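Contents: one structure, followed by commentary.
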Amino acid sequence: MAGHQIWCSWLTPNRARDLSYLTFNFVSVVVLVFVNKYVFTQVHFPFSTLLTLVHYITNWALLIAFCYAGVFTPSANKAPPKRFRWLVLVLGLATPLNNLSLKLNSFGVYQVIKLLVIPGIALMEFVLYGKTISTRRITCLVVMTIGSGIATVTDMKFSFQGTAVALVWIPIAVAYKVLWSEAQKIDGWSTMPLMHLAMPWASGVVASLVPVLDPPGGTEF
């Protein structure tokens with residue numbers, strides 16, 4: 001009974017809302033990864049960048065709909081975040097390379113490589129801002145890495161192309177995470193207005209990568 005009361009007092013409406021957002025984000029990301037891998041391996045759709053462009057345009061359309069529905073207010077009169085061009089560039093590069101890595105690598109290799117982004121972010125924030133992470137967080141990261149490695153050890157199949165793409169993707173993903181965090185924490189942008197501002201430009205970057213990263217024939221599939 002006491003534990004229930006403590007839980008109810010901690011779970012305020014704002015925390016409940018934030019928790020629901022985090023849960024939805026986590027589940028949707030996991031589901032999207034599995035769906036993308038299914039499309040690549042079972043549907044035999046090899047156009048990973050074109051698939052990313054479809055995702056981006058869909059996100060852009062949903063953001064416009066949410067904006068008209070009053071879910072968020074676009075910051076039309078607000079100055080873009082510092083280094084906005086770099087943010088758009090890495091936003092346009094990170095996901096296409098991530099999906100290309102998912103297509104070329106086994107699921108186990110893909111998961112382990114994604115975990116390397118976390119220490120990369122910690123290193124970049126330490127170099128740029130002098131930020132450090134606590135021993136508790138380091139321990140959690142180590143446990144999470146070991147657990148992911150154990151869970152995917154039977155699906156570790158390396159390829160030269162897949163490894164090369166993953167190694168290119170890691171620093172770009174790190175830069176994207178750090179620049180996005182900087183735009184929110186330092187420049188004061190919230191997630192949806194920032195996505196609403198950046199997504200059209202990032203979609204253009206992705207579109208320019210389709211003929212570079214994808215095999216020919218995407219429009220004829």
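Residues are referred to by chain and number: the chain letter is A, B, ... according to the order shown in the structure tokens, the number counts from 1 in that chain, and ligands are numbered separately from 1 in the order shown.
Proximity to range 158-173 of chain A at 7 Å, evaluated using only C-alpha atoms and with sequence-adjacent residues fewer than 4 positions away removed, yields Val90, Ala94, Leu97, Asn98, Ser101, Leu104, Asn105, Val109, Ile113, Val117 and Lys177 of chain A.
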Take the residues from that selection and write them out as a short mmCIF file (atom, residue, chain, number, x, y, z; two decimals), in the first residue's frame, keeping C-alpha atoms.
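Listed below is the output, out_12.cif:
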```
data_model
loop_
_atom_site.label_atom_id
_atom_site.label_comp_id
_atom_site.auth_asym_id
_atom_site.auth_seq_id
_atom_site.Cartn_x
_atom_site.Cartn_y
_atom_site.Cartn_z
CA VAL A 90 24.01 15.17 -40.59
CA ALA A 94 22.76 9.70 -40.64
CA LEU A 97 23.67 5.40 -43.82
CA ASN A 98 22.04 3.73 -40.83
CA SER A 101 24.18 -0.50 -42.61
CA LEU A 104 24.36 -4.80 -45.53
CA ASN A 105 25.04 -6.12 -42.00
CA VAL A 109 26.49 -6.53 -36.13
CA ILE A 113 27.71 -0.96 -34.01
CA VAL A 117 27.54 5.71 -30.87
CA LYS A 177 23.03 13.49 -31.64
#
```
For this session: Point out the residue among A:His196, A:His55, A:Lys157, A:Lys131 with the least atom-to-atom distance to Asn36 in chain A, counting only C-alpha atoms.
Result: A:His55
For this session: Could you tell me which of A:Gly108, A:Gly217, A:Pro46, A:Pro200 comes closest to Leu89 in chain A if we count only C-alpha atoms?
Result: A:Pro200
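Atom pair CA of Tyr38 in chain A / CA of Lys103 in chain A: separated by 9.6 Å.
The shell of residues at most 12 Å from range 63-72 of chain A, with only C-alpha atoms counted and near chain neighbours (fewer than 5 positions) removed, consists of Tyr56, Ile57, Thr58, Trp189, Ser190, Thr191, Met192, Pro193, Leu194, Met195, His196, Leu197, Ala198, Met199 and Pro200 of chain A.
Taking CA of Ile118 in chain A and CA of Val174 in chain A as endpoints, the distance between them is 7.8 Å.
When the distance limit is 12 Å and only C-alpha atoms are what count, the residues near Phe45 in chain A, minus those fewer than 4 positions from it on the same chain, are Val35, Asn36, Lys37, Tyr38, Val39, Phe40, Thr41, Thr49, Leu50, Leu51, Leu100, Lys103, Asp214, Pro215, Pro216, Gly217, Gly218, Thr219, Glu220 and Phe221 of chain A.
Picture a line from CA of Ser208 in chain A to CA of Pro96 in chain A; it runs 11.0 Å.
Using only C-alpha atoms, the nearest neighbour of Ser203 in chain A within the list A:Thr73, A:Ser28, A:Thr95, A:Ser181 is A:Thr95.
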Exercise. Nearest to Trp180 in chain A: which of A:Ala79, A:Val43, A:Leu62, A:Leu87 is it, counting only C-alpha atoms?
Worked result: A:Leu87
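With distances restricted to only C-alpha atoms, A:Leu53 is the closest residue to Asn99 in chain A from A:Leu53, A:Met124, A:Ala207, A:Ala175.
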For this session: Looking only at alpha helix (DSSP H) from DSSP on the backbone, list the matching residues of range 19-176 of chain A as JSON, numbers by chain.
Result: {"A": [19, 20, 21, 22, 23, 24, 25, 26, 27, 28, 29, 30, 31, 32, 33, 34, 35, 36, 37, 38, 39, 40, 41, 48, 49, 50, 51, 52, 53, 54, 55, 56, 57, 58, 59, 60, 61, 62, 63, 64, 65, 66, 67, 68, 84, 85, 86, 87, 88, 89, 90, 91, 92, 93, 94, 95, 96, 97, 98, 99, 100, 101, 102, 103, 104, 107, 108, 109, 110, 111, 112, 113, 114, 115, 117, 118, 119, 120, 121, 122, 123, 124, 125, 126, 127, 128, 129, 135, 136, 137, 138, 139, 140, 141, 142, 143, 144, 145, 146, 147, 148, 149, 150, 151, 160, 161, 162, 163, 164, 165, 166, 167, 168, 169, 170, 171, 172, 173, 174, 175, 176]}
